[in-house]
file coords-v3.tsv (TSV, C-alpha atoms and all ligand atoms)
chain	number	residue	atom	x	y	z
A	293	MET	CA	182.64	-171.73	164.21
A	294	THR	CA	185.77	-173.53	165.40
A	295	LYS	CA	186.42	-176.87	163.79
A	296	PHE	CA	186.43	-179.92	166.05
A	297	SER	CA	190.16	-180.62	166.21
A	298	PRO	CA	191.48	-182.86	169.00
A	299	LEU	CA	195.24	-183.20	169.32
A	300	GLN	CA	196.90	-186.03	167.38
A	301	PRO	CA	197.80	-188.87	167.65
A	302	ILE	CA	194.20	-189.96	168.10
A	303	VAL	CA	192.70	-193.30	169.14
A	304	VAL	CA	189.11	-194.08	168.14
A	305	ILE	CA	187.54	-196.94	170.10
A	306	SER	CA	185.07	-198.96	168.04
A	307	THR	CA	182.59	-201.46	169.48
A	308	HIS	CA	182.21	-203.67	166.38
A	309	LEU	CA	184.11	-203.98	163.11
A	310	ASP	CA	182.43	-201.01	161.33
A	311	ASP	CA	181.29	-198.69	164.14
A	312	ALA	CA	184.20	-196.25	163.96
A	313	VAL	CA	183.47	-195.85	160.25
A	314	LEU	CA	179.70	-195.50	160.69
A	315	SER	CA	180.18	-192.85	163.38
A	316	CYS	CA	183.49	-191.12	162.54
A	317	ALA	CA	184.57	-191.84	158.92
A	318	GLN	CA	184.62	-188.17	157.90
A	319	PHE	CA	186.67	-187.29	160.96
A	320	ILE	CA	189.14	-190.20	160.58
A	321	HIS	CA	189.59	-189.47	156.89
A	322	ALA	CA	190.50	-185.85	157.62
A	323	HIS	CA	193.20	-186.73	160.22
A	324	SER	CA	196.57	-188.28	159.48
A	325	ASP	CA	197.43	-190.03	162.75
A	326	VAL	CA	194.46	-192.14	163.85
A	327	THR	CA	194.39	-195.66	165.29
A	328	VAL	CA	191.06	-197.48	165.50
A	329	ILE	CA	190.83	-200.08	168.28
A	330	THR	CA	187.92	-202.47	167.71
A	331	VAL	CA	187.02	-204.13	170.99
A	332	LEU	CA	184.64	-206.93	169.97
A	333	ALA	CA	186.69	-208.34	167.11
A	334	GLY	CA	187.26	-211.85	168.42
A	335	ALA	CA	185.64	-215.20	167.68
A	336	PRO	CA	185.05	-218.32	169.76
A	337	ASP	CA	186.48	-221.51	168.30
A	338	ALA	CA	183.02	-222.85	167.51
A	339	PHE	CA	180.24	-223.15	164.98
A	340	HIS	CA	177.43	-220.72	165.70
A	341	GLU	CA	174.23	-219.77	163.86
A	342	GLY	CA	173.38	-216.11	164.38
A	343	TYR	CA	174.00	-212.59	163.10
A	344	ASN	CA	177.61	-213.18	162.07
A	345	SER	CA	176.91	-216.45	160.23
A	346	ARG	CA	173.87	-214.95	158.50
A	347	THR	CA	175.69	-211.86	157.29
A	348	THR	CA	178.96	-213.54	156.32
A	349	GLY	CA	177.71	-216.97	155.18
A	350	GLU	CA	180.27	-218.55	157.52
A	351	PRO	CA	178.89	-220.72	160.36
A	352	PHE	CA	182.38	-221.34	161.80
A	353	ALA	CA	182.92	-218.26	163.95
A	354	PRO	CA	186.68	-217.78	163.22
A	355	ASN	CA	185.89	-217.75	159.48
A	356	ALA	CA	183.04	-215.26	159.93
A	357	ILE	CA	185.23	-212.91	161.94
A	358	LYS	CA	188.12	-213.31	159.50
A	359	LYS	CA	185.82	-212.10	156.73
A	360	ARG	CA	184.75	-209.13	158.83
A	361	ARG	CA	188.36	-208.34	159.80
A	362	ASP	CA	189.42	-208.43	156.14
A	363	GLU	CA	186.71	-205.87	155.34
A	364	ASP	CA	187.87	-203.70	158.23
A	365	ALA	CA	191.50	-203.84	157.09
A	366	GLU	CA	190.47	-202.58	153.65
A	367	ALA	CA	188.35	-199.83	155.16
A	368	MET	CA	191.18	-198.70	157.43
A	369	SER	CA	193.50	-198.68	154.45
A	370	MET	CA	191.12	-196.42	152.51
A	371	LEU	CA	191.05	-194.06	155.51
A	372	SER	CA	194.84	-194.32	156.03
A	373	ALA	CA	194.19	-195.33	159.65
A	374	HIS	CA	196.08	-197.80	161.82
A	375	TYR	CA	194.04	-200.48	163.52
A	376	VAL	CA	194.10	-202.89	166.45
A	377	TRP	CA	191.63	-205.75	166.97
A	378	LEU	CA	190.93	-206.99	170.49
A	379	GLU	CA	189.75	-210.55	171.05
A	380	PHE	CA	186.49	-209.91	172.92
A	381	HIS	CA	183.28	-211.43	171.54
A	382	ASP	CA	180.20	-209.59	170.35
A	383	ASN	CA	176.69	-210.24	171.61
A	384	ASP	CA	176.00	-212.78	168.87
A	385	TYR	CA	178.59	-215.13	170.37
A	386	LEU	CA	177.63	-214.67	173.99
A	387	GLN	CA	175.08	-217.45	173.59
A	388	VAL	CA	177.89	-219.99	173.24
A	389	LEU	CA	180.20	-218.45	175.79
A	390	THR	CA	179.55	-217.28	179.29
A	391	ARG	CA	180.53	-213.62	179.55
A	392	SER	CA	180.40	-212.97	183.24
A	393	ASP	CA	181.46	-209.38	183.61
A	394	ASP	CA	184.19	-208.58	181.17
A	395	LYS	CA	184.03	-204.81	181.52
A	396	GLN	CA	187.06	-204.96	183.78
A	397	GLU	CA	188.92	-207.09	181.22
A	398	ILE	CA	187.92	-204.73	178.41
A	399	ARG	CA	189.12	-201.81	180.52
A	400	ASP	CA	192.47	-203.50	181.21
A	401	ALA	CA	192.99	-204.45	177.56
A	402	LEU	CA	192.16	-200.93	176.36
A	403	SER	CA	194.35	-199.38	178.98
A	404	GLN	CA	197.28	-201.49	177.82
A	405	VAL	CA	196.82	-200.59	174.13
A	406	LEU	CA	196.49	-196.92	175.02
A	407	GLU	CA	199.75	-197.08	176.93
A	408	GLU	CA	201.46	-198.61	173.90
A	409	ARG	CA	199.95	-196.13	171.43
A	410	ARG	CA	200.37	-193.04	173.61
A	411	PRO	CA	197.64	-190.95	171.95
A	412	LYS	CA	196.96	-187.34	172.86
A	413	SER	CA	193.20	-187.78	172.33
A	414	VAL	CA	190.79	-190.69	172.66
A	415	LEU	CA	187.30	-190.93	171.13
A	416	SER	CA	184.89	-193.57	172.46
A	417	PRO	CA	181.20	-194.32	171.87
A	418	LEU	CA	178.43	-192.49	173.71
A	419	GLY	CA	176.87	-195.97	173.94
A	420	LEU	CA	173.43	-196.20	172.39
A	421	PHE	CA	170.81	-198.93	172.32
A	422	HIS	CA	172.86	-202.04	171.48
A	423	PRO	CA	174.05	-203.91	174.61
A	424	ASP	CA	177.56	-204.24	173.12
A	425	HIS	CA	177.74	-200.47	172.59
A	426	LEU	CA	176.64	-199.88	176.17
A	427	ALA	CA	179.18	-202.35	177.57
A	428	VAL	CA	182.08	-200.83	175.63
A	429	SER	CA	180.96	-197.29	176.40
A	430	ASP	CA	180.70	-198.03	180.13
A	431	ALA	CA	184.15	-199.62	180.18
A	432	CYS	CA	185.57	-196.56	178.41
A	433	LEU	CA	183.86	-194.10	180.77
A	434	GLU	CA	185.53	-195.76	183.74
A	435	LEU	CA	188.90	-195.22	182.03
A	436	ALA	CA	188.01	-191.72	180.86
A	437	LYS	CA	187.16	-190.31	184.25
A	438	LYS	CA	190.68	-191.01	185.51
A	439	SER	CA	192.49	-190.46	182.23
A	440	ALA	CA	195.31	-188.07	181.42
A	441	TYR	CA	194.35	-188.18	177.71
A	442	GLU	CA	191.90	-185.70	176.25
A	443	TRP	CA	188.79	-187.80	175.95
A	444	TYR	CA	185.73	-187.35	173.74
A	445	LEU	CA	182.54	-189.31	173.16
A	446	TYR	CA	181.09	-189.74	169.68
A	447	LEU	CA	177.49	-190.25	168.69
A	448	ASP	CA	176.87	-193.90	167.76
A	449	MET	CA	175.43	-193.94	164.25
A	450	PRO	CA	173.04	-194.99	162.87
A	451	TYR	CA	171.40	-195.46	166.31
A	452	GLY	CA	171.66	-191.80	167.32
A	453	LEU	CA	170.00	-190.65	164.11
A	454	ALA	CA	167.49	-193.52	163.85
A	455	MET	CA	166.43	-193.16	167.52
A	456	PRO	CA	167.11	-189.52	168.49
A	457	LYS	CA	165.14	-189.80	171.74
A	458	ALA	CA	167.72	-192.29	173.04
A	459	VAL	CA	170.44	-189.60	172.97
A	460	PRO	CA	169.29	-187.32	175.85
A	461	GLU	CA	168.46	-190.38	177.93
A	462	ARG	CA	171.96	-191.82	177.52
A	463	LEU	CA	173.55	-188.38	178.07
A	464	ALA	CA	171.75	-188.11	181.41
A	465	THR	CA	173.20	-191.48	182.47
A	466	VAL	CA	176.70	-190.69	181.22
A	467	GLU	CA	176.69	-187.35	183.06
A	468	LYS	CA	176.42	-189.23	186.35
A	469	THR	CA	179.97	-190.43	185.65
A	470	VAL	CA	181.62	-187.58	183.71
A	471	ASN	CA	180.95	-183.95	182.85
A	472	LEU	CA	180.49	-183.14	179.17
A	473	ALA	CA	181.04	-179.95	177.18
A	474	THR	CA	178.56	-178.71	174.58
A	475	PRO	CA	178.56	-181.08	171.57
A	476	GLU	CA	180.69	-180.24	168.56
A	477	LEU	CA	180.03	-181.22	164.95
A	478	PHE	CA	182.51	-182.34	162.31
A	479	SER	CA	181.88	-182.38	158.57
A	480	GLY	CA	184.43	-183.65	156.08
A	481	ASP	CA	184.23	-185.33	152.68
A	482	PRO	CA	180.48	-185.97	152.23
A	483	ASP	CA	181.03	-189.12	150.12
A	484	ILE	CA	183.72	-190.84	152.14
A	485	LYS	CA	181.47	-192.69	154.57
A	486	ARG	CA	179.38	-194.39	151.90
A	487	ASN	CA	182.50	-195.32	149.93
A	488	VAL	CA	184.20	-196.85	152.97
A	489	MET	CA	181.03	-198.55	154.23
A	490	LYS	CA	180.73	-200.33	150.88
A	491	LEU	CA	183.97	-202.14	151.73
A	492	TYR	CA	182.11	-203.83	154.59
A	493	ALA	CA	180.35	-205.98	152.02
A	494	THR	CA	178.75	-208.31	154.60
A	495	GLN	CA	177.45	-205.41	156.73
A	496	PHE	CA	176.30	-202.74	154.29
A	497	ALA	CA	172.95	-204.29	153.29
A	498	PRO	CA	171.89	-205.54	156.78
A	499	THR	CA	172.79	-202.22	158.42
A	500	LYS	CA	170.90	-200.33	155.73
A	501	SER	CA	167.78	-202.49	155.99
A	502	ASN	CA	167.77	-202.39	159.81
A	503	HIS	CA	167.84	-198.58	159.94
A	504	ARG	CA	166.36	-197.28	156.68
A	505	ARG	CA	166.07	-193.57	157.39
A	506	GLY	CA	168.79	-193.51	160.00
A	507	PHE	CA	171.18	-195.15	157.57
A	508	ARG	CA	170.58	-192.59	154.83
A	509	ALA	CA	171.14	-189.77	157.32
A	510	THR	CA	174.25	-191.51	158.71
A	511	MET	CA	175.91	-191.50	155.29
A	512	LYS	CA	175.75	-187.68	155.05
A	513	ALA	CA	175.16	-186.14	158.48
A	514	PRO	CA	177.85	-184.23	160.38
A	515	GLU	CA	179.51	-186.37	163.04
A	516	GLN	CA	178.94	-185.41	166.65
A	517	PHE	CA	181.34	-185.31	169.60
A	518	TRP	CA	181.30	-184.35	173.28
A	519	LYS	CA	184.46	-183.49	175.18
A	520	ILE	CA	184.73	-185.00	178.65
A	521	THR	CA	185.71	-182.16	180.95
A	522	GLY	CA	186.21	-184.22	184.12
A	523	PRO	CA	184.61	-186.73	186.46
A	524	ALA	CA	181.12	-185.88	187.67
A	525	SER	CA	181.06	-184.92	191.33
A	526	GLY	CA	180.50	-188.01	193.47
A	527	SER	CA	181.61	-190.41	190.72
A	528	ASN	CA	185.26	-190.51	191.67
A	529	ARG	CA	185.29	-193.19	194.33
A	530	SER	CA	186.05	-196.39	192.39
A	601	ZN	ZN	178.01	-201.76	166.51

call {"tool": "encode", "arguments": {"input": "coords-v3.tsv", "output": "C-alpha cells"}}
result
Amino acid sequence: MTKFSPLQPIVVISTHLDDAVLSCAQFIHAHSDVTVITVLAGAPDAFHEGYNSRTTGEPFAPNAIKKRRDEDAEAMSMLSAHYVWLEFHDNDYLQVLTRSDDKQEIRDALSQVLEERRPKSVLSPLGLFHPDHLAVSDACLELAKKSAYEWYLYLDMPYGLAMPKAVPERLATVEKTVNLATPELFSGDPDIKRNVMKLYATQFAPTKSNHRRGFRATMKAPEQFWKITGPASGSNRS
C-alpha cells in the first residue's frame, strides 16, 4: 500500500481551534512543513453566554478566544506546525453578530493566506454535520475547483466516526462540485492525537462527552483523505 504523501509545504485548513488536530494530528506530526490555518478563530468585542463561555469560563468573548488560541499555540508547537488564525467568528458568536454570507470573505481571506504561504498541497475539511464545518468546507471547495495546488479533503473527526452515515451523504453533495479519488488512509504515531488533544484543556472533556464512542475511535483511528482530481462536470461556471 502506498503511504498518503502529498507534496510539502502543506496547508491544513481547520474550521475551529482544534479541528486540524482532531482530524489530522497523526499526519501533521509526521510532516515537517505544515501550516494550519484556523478560519473561525476570531471573537466579537462583546460578552456572550454560550459554548465558548461555558467551556472556557470566560464570558468576555476576546478572553475566551485568547484561552483557546493559547491552547492551539501549544498544540501546534508540540506538532512542530506553523499556524495562522483568521478573524472569522464561530457559530456560538453568530447570535450576537449578523453573519450575512461570509463564504466569499472566507474564500478571499484563505486565498490571500495561500498566496503568501505558497503550499504545494492543501487539505480542507470534507464538511460534516456542524454548520461551521459545512460553511468552511463549501468555501474551500469553491477555491479548490479552480486551484493550482494539489487539494485534498480530510474526514472531519469525531463527526465522521460518530455519525458514519453522514459521510456518503456529504460525499454525494461534494461530488457535485469536484471529482474525488478513492480515499486514502494515514496512520502515524498512535498516541500523538490524545497527547496533543489534552493541550486543548477547555475542549477535551466537552468533545469527549459529546461524542463518547466517536471520540475514543478518533484518538486511534487512521486519518482519511480524498484527493480532488478536478471540477465536476457542469460545476465550473462560477
Ligand atoms: Zn469543529

call {"tool": "closest_residue", "arguments": {"input": "coords-v3.tsv", "among": "A:Ile305, A:Lys438, A:Pro475, A:Asp364", "to": "A:Ile398", "atoms": "all atoms listed in the file"}}
result
A:Ile305

call {"tool": "residues_around", "arguments": {"input": "coords-v3.tsv", "residues": "stretch 339-347 of chain A", "least_positions_apart": "5", "cutoff": "6 Å", "atoms": "only C-alpha atoms", "output": "PyMOL selection string"}}
result
chain A and resi 352-353+494

call {"tool": "residues_near_ligand", "arguments": {"input": "coords-v3.tsv", "ligand": "ligand ZN 601 (chain A)", "cutoff": "6 Å", "atoms": "all atoms listed in the file", "output": "VMD selection string"}}
result
chain A and resid 307 to 308 311

call {"tool": "closest_atom_pairs", "arguments": {"input": "coords-v3.tsv", "of": "stretch 411-445 of chain A", "to": "stretch 458-464 of chain A", "cutoff": "8 Å", "atoms": "all atoms listed in the file", "output": "tab-separated table"}}
result
residue	atom	partner	partner_atom	distance
A:Leu418	CA	A:Arg462	CA	7.5
A:Gly419	CA	A:Arg462	CA	7.4
A:Leu420	CA	A:Arg462	CA	6.9
A:Phe421	CA	A:Ala458	CA	7.4

call {"tool": "closest_residue", "arguments": {"input": "coords-v3.tsv", "among": "A:Met449, A:Val303, A:Val328, A:Ala401", "to": "A:Ala431", "atoms": "all atoms listed in the file"}}
result
A:Ala401

call {"tool": "atom_distance", "arguments": {"input": "coords-v3.tsv", "atom1": "atom CA of A:Ala356", "atom2": "atom CA of A:Val414"}}
result
28.7 Å

call {"tool": "closest_residue", "arguments": {"input": "coords-v3.tsv", "among": "A:Trp443, A:Phe380, A:Gly349, A:Val304", "to": "A:Arg399", "atoms": "all atoms listed in the file"}}
result
A:Phe380

call {"tool": "axis_aligned_box", "arguments": {"input": "coords-v3.tsv", "around": "stretch 350-363 of chain A", "padding_each_side": "3 Å", "output": "JSON"}}
result
{"center_x": 184.2, "center_y": -213.6, "center_z": 159.6, "size_x": 16.5, "size_y": 21.5, "size_z": 14.6}

call {"tool": "closest_residue", "arguments": {"input": "coords-v3.tsv", "among": "A:Leu453, A:Ile320, A:Leu491, A:Leu415", "to": "A:Trp518", "atoms": "all atoms listed in the file"}}
result
A:Leu415

call {"tool": "residues_around", "arguments": {"input": "coords-v3.tsv", "residues": "A:Ala493", "least_positions_apart": "6", "cutoff": "12 Å", "atoms": "only C-alpha atoms", "output": "MDAnalysis selection string"}}
result
chainID A and resid 309:310 347:349 359:364 366:367 486:487 499:500

call {"tool": "atom_distance", "arguments": {"input": "coords-v3.tsv", "atom1": "atom CA of A:Pro298", "atom2": "atom CA of A:Thr521"}}
result
13.3 Å

call {"tool": "closest_residue", "arguments": {"input": "coords-v3.tsv", "among": "A:Lys468, A:Arg410, A:Lys457, A:His321", "to": "A:Leu299", "atoms": "all atoms listed in the file"}}
result
A:Arg410

call {"tool": "atom_distance", "arguments": {"input": "coords-v3.tsv", "atom1": "atom CA of A:Ser315", "atom2": "atom CA of A:Ile302"}}
result
15.1 Å

call {"tool": "closest_residue", "arguments": {"input": "coords-v3.tsv", "among": "A:His381, A:Lys519, A:His323, A:His422", "to": "A:Leu472", "atoms": "only C-alpha atoms"}}
result
A:Lys519

call {"tool": "residues_near_point", "arguments": {"input": "coords-v3.tsv", "point": "(192.2, -181.8, 170.1)", "cutoff": "8 Å", "atoms": "only C-alpha atoms", "output": "list in words"}}
result
Phe296, Ser297, Pro298, Leu299, Gln300, Lys412, Ser413 and Glu442 of chain A

call {"tool": "build_atoms", "arguments": {"input": "coords-v3.tsv", "residues": "stretch 510-521 of chain A", "atoms": "all heavy atoms", "output": "mmCIF file, in the coordinates of the input"}}
result
data_model
loop_
_atom_site.group_PDB
_atom_site.id
_atom_site.type_symbol
_atom_site.label_atom_id
_atom_site.label_comp_id
_atom_site.auth_asym_id
_atom_site.auth_seq_id
_atom_site.Cartn_x
_atom_site.Cartn_y
_atom_site.Cartn_z
ATOM 1 N N THR A 510 172.893 -191.197 158.230
ATOM 2 C CA THR A 510 174.250 -191.510 158.710
ATOM 3 C C THR A 510 175.296 -191.275 157.620
ATOM 4 O O THR A 510 176.400 -190.806 157.900
ATOM 5 C CB THR A 510 174.300 -192.978 159.185
ATOM 6 O OG1 THR A 510 173.491 -193.098 160.350
ATOM 7 C CG2 THR A 510 175.713 -193.423 159.523
ATOM 8 N N MET A 511 174.940 -191.611 156.382
ATOM 9 C CA MET A 511 175.910 -191.500 155.290
ATOM 10 C C MET A 511 176.329 -190.052 155.054
ATOM 11 O O MET A 511 177.419 -189.794 154.558
ATOM 12 C CB MET A 511 175.332 -192.102 153.996
ATOM 13 C CG MET A 511 175.171 -193.614 154.025
ATOM 14 S SD MET A 511 176.730 -194.504 154.314
ATOM 15 C CE MET A 511 176.509 -195.045 155.990
ATOM 16 N N LYS A 512 175.471 -189.081 155.400
ATOM 17 C CA LYS A 512 175.750 -187.680 155.050
ATOM 18 C C LYS A 512 175.899 -186.740 156.251
ATOM 19 O O LYS A 512 176.508 -185.681 156.146
ATOM 20 C CB LYS A 512 174.603 -187.128 154.176
ATOM 21 C CG LYS A 512 174.500 -187.771 152.800
ATOM 22 C CD LYS A 512 175.561 -187.216 151.864
ATOM 23 C CE LYS A 512 175.463 -187.883 150.485
ATOM 24 N NZ LYS A 512 176.624 -187.572 149.652
ATOM 25 N N ALA A 513 175.277 -187.100 157.369
ATOM 26 C CA ALA A 513 175.160 -186.140 158.480
ATOM 27 C C ALA A 513 176.518 -185.774 159.061
ATOM 28 O O ALA A 513 177.449 -186.583 159.030
ATOM 29 C CB ALA A 513 174.283 -186.740 159.574
ATOM 30 N N PRO A 514 176.638 -184.559 159.629
ATOM 31 C CA PRO A 514 177.850 -184.230 160.380
ATOM 32 C C PRO A 514 178.008 -185.211 161.540
ATOM 33 O O PRO A 514 177.018 -185.717 162.062
ATOM 34 C CB PRO A 514 177.592 -182.821 160.913
ATOM 35 C CG PRO A 514 176.384 -182.318 160.232
ATOM 36 C CD PRO A 514 175.638 -183.481 159.680
ATOM 37 N N GLU A 515 179.244 -185.466 161.906
ATOM 38 C CA GLU A 515 179.510 -186.370 163.040
ATOM 39 C C GLU A 515 179.515 -185.535 164.323
ATOM 40 O O GLU A 515 179.813 -184.342 164.294
ATOM 41 C CB GLU A 515 180.842 -187.074 162.775
ATOM 42 C CG GLU A 515 180.691 -187.989 161.566
ATOM 43 C CD GLU A 515 181.987 -188.422 160.904
ATOM 44 O OE1 GLU A 515 183.075 -187.947 161.300
ATOM 45 O OE2 GLU A 515 181.910 -189.253 159.968
ATOM 46 N N GLN A 516 179.176 -186.183 165.428
ATOM 47 C CA GLN A 516 178.940 -185.410 166.650
ATOM 48 C C GLN A 516 179.788 -185.916 167.813
ATOM 49 O O GLN A 516 179.885 -187.130 168.024
ATOM 50 C CB GLN A 516 177.451 -185.498 167.010
ATOM 51 C CG GLN A 516 177.037 -184.477 168.043
ATOM 52 C CD GLN A 516 175.524 -184.350 168.130
ATOM 53 O OE1 GLN A 516 174.825 -184.534 167.145
ATOM 54 N NE2 GLN A 516 175.030 -184.035 169.294
ATOM 55 N N PHE A 517 180.378 -184.972 168.551
ATOM 56 C CA PHE A 517 181.340 -185.310 169.600
ATOM 57 C C PHE A 517 181.114 -184.455 170.850
ATOM 58 O O PHE A 517 180.746 -183.287 170.750
ATOM 59 C CB PHE A 517 182.768 -185.054 169.085
ATOM 60 C CG PHE A 517 183.085 -185.812 167.825
ATOM 61 C CD1 PHE A 517 182.816 -185.264 166.570
ATOM 62 C CD2 PHE A 517 183.623 -187.094 167.879
ATOM 63 C CE1 PHE A 517 183.084 -185.969 165.395
ATOM 64 C CE2 PHE A 517 183.898 -187.802 166.711
ATOM 65 C CZ PHE A 517 183.631 -187.239 165.473
ATOM 66 N N TRP A 518 181.370 -185.059 172.000
ATOM 67 C CA TRP A 518 181.300 -184.350 173.280
ATOM 68 C C TRP A 518 182.652 -184.485 173.969
ATOM 69 O O TRP A 518 183.140 -185.613 174.145
ATOM 70 C CB TRP A 518 180.259 -184.959 174.209
ATOM 71 C CG TRP A 518 178.839 -184.811 173.798
ATOM 72 C CD1 TRP A 518 177.939 -183.888 174.263
ATOM 73 C CD2 TRP A 518 178.113 -185.635 172.871
ATOM 74 N NE1 TRP A 518 176.705 -184.093 173.691
ATOM 75 C CE2 TRP A 518 176.788 -185.159 172.828
ATOM 76 C CE3 TRP A 518 178.447 -186.739 172.070
ATOM 77 C CZ2 TRP A 518 175.806 -185.739 172.029
ATOM 78 C CZ3 TRP A 518 177.472 -187.311 171.255
ATOM 79 C CH2 TRP A 518 176.174 -186.802 171.244
ATOM 80 N N LYS A 519 183.208 -183.391 174.411
ATOM 81 C CA LYS A 519 184.460 -183.490 175.180
ATOM 82 C C LYS A 519 184.137 -183.788 176.645
ATOM 83 O O LYS A 519 183.222 -183.182 177.224
ATOM 84 C CB LYS A 519 185.232 -182.170 175.083
ATOM 85 C CG LYS A 519 186.550 -182.250 175.816
ATOM 86 C CD LYS A 519 187.406 -181.010 175.629
ATOM 87 C CE LYS A 519 188.748 -181.277 176.296
ATOM 88 N NZ LYS A 519 189.683 -180.203 176.124
ATOM 89 N N ILE A 520 184.868 -184.731 177.220
ATOM 90 C CA ILE A 520 184.730 -185.000 178.650
ATOM 91 C C ILE A 520 185.597 -183.985 179.385
ATOM 92 O O ILE A 520 186.799 -183.871 179.132
ATOM 93 C CB ILE A 520 185.177 -186.441 178.979
ATOM 94 C CG1 ILE A 520 184.176 -187.423 178.350
ATOM 95 C CG2 ILE A 520 185.292 -186.650 180.487
ATOM 96 C CD1 ILE A 520 184.521 -188.889 178.570
ATOM 97 N N THR A 521 184.966 -183.229 180.283
ATOM 98 C CA THR A 521 185.710 -182.160 180.950
ATOM 99 C C THR A 521 186.187 -182.565 182.342
ATOM 100 O O THR A 521 186.933 -181.845 182.973
ATOM 101 C CB THR A 521 184.855 -180.874 181.051
ATOM 102 O OG1 THR A 521 183.605 -181.214 181.676
ATOM 103 C CG2 THR A 521 184.569 -180.299 179.676
#
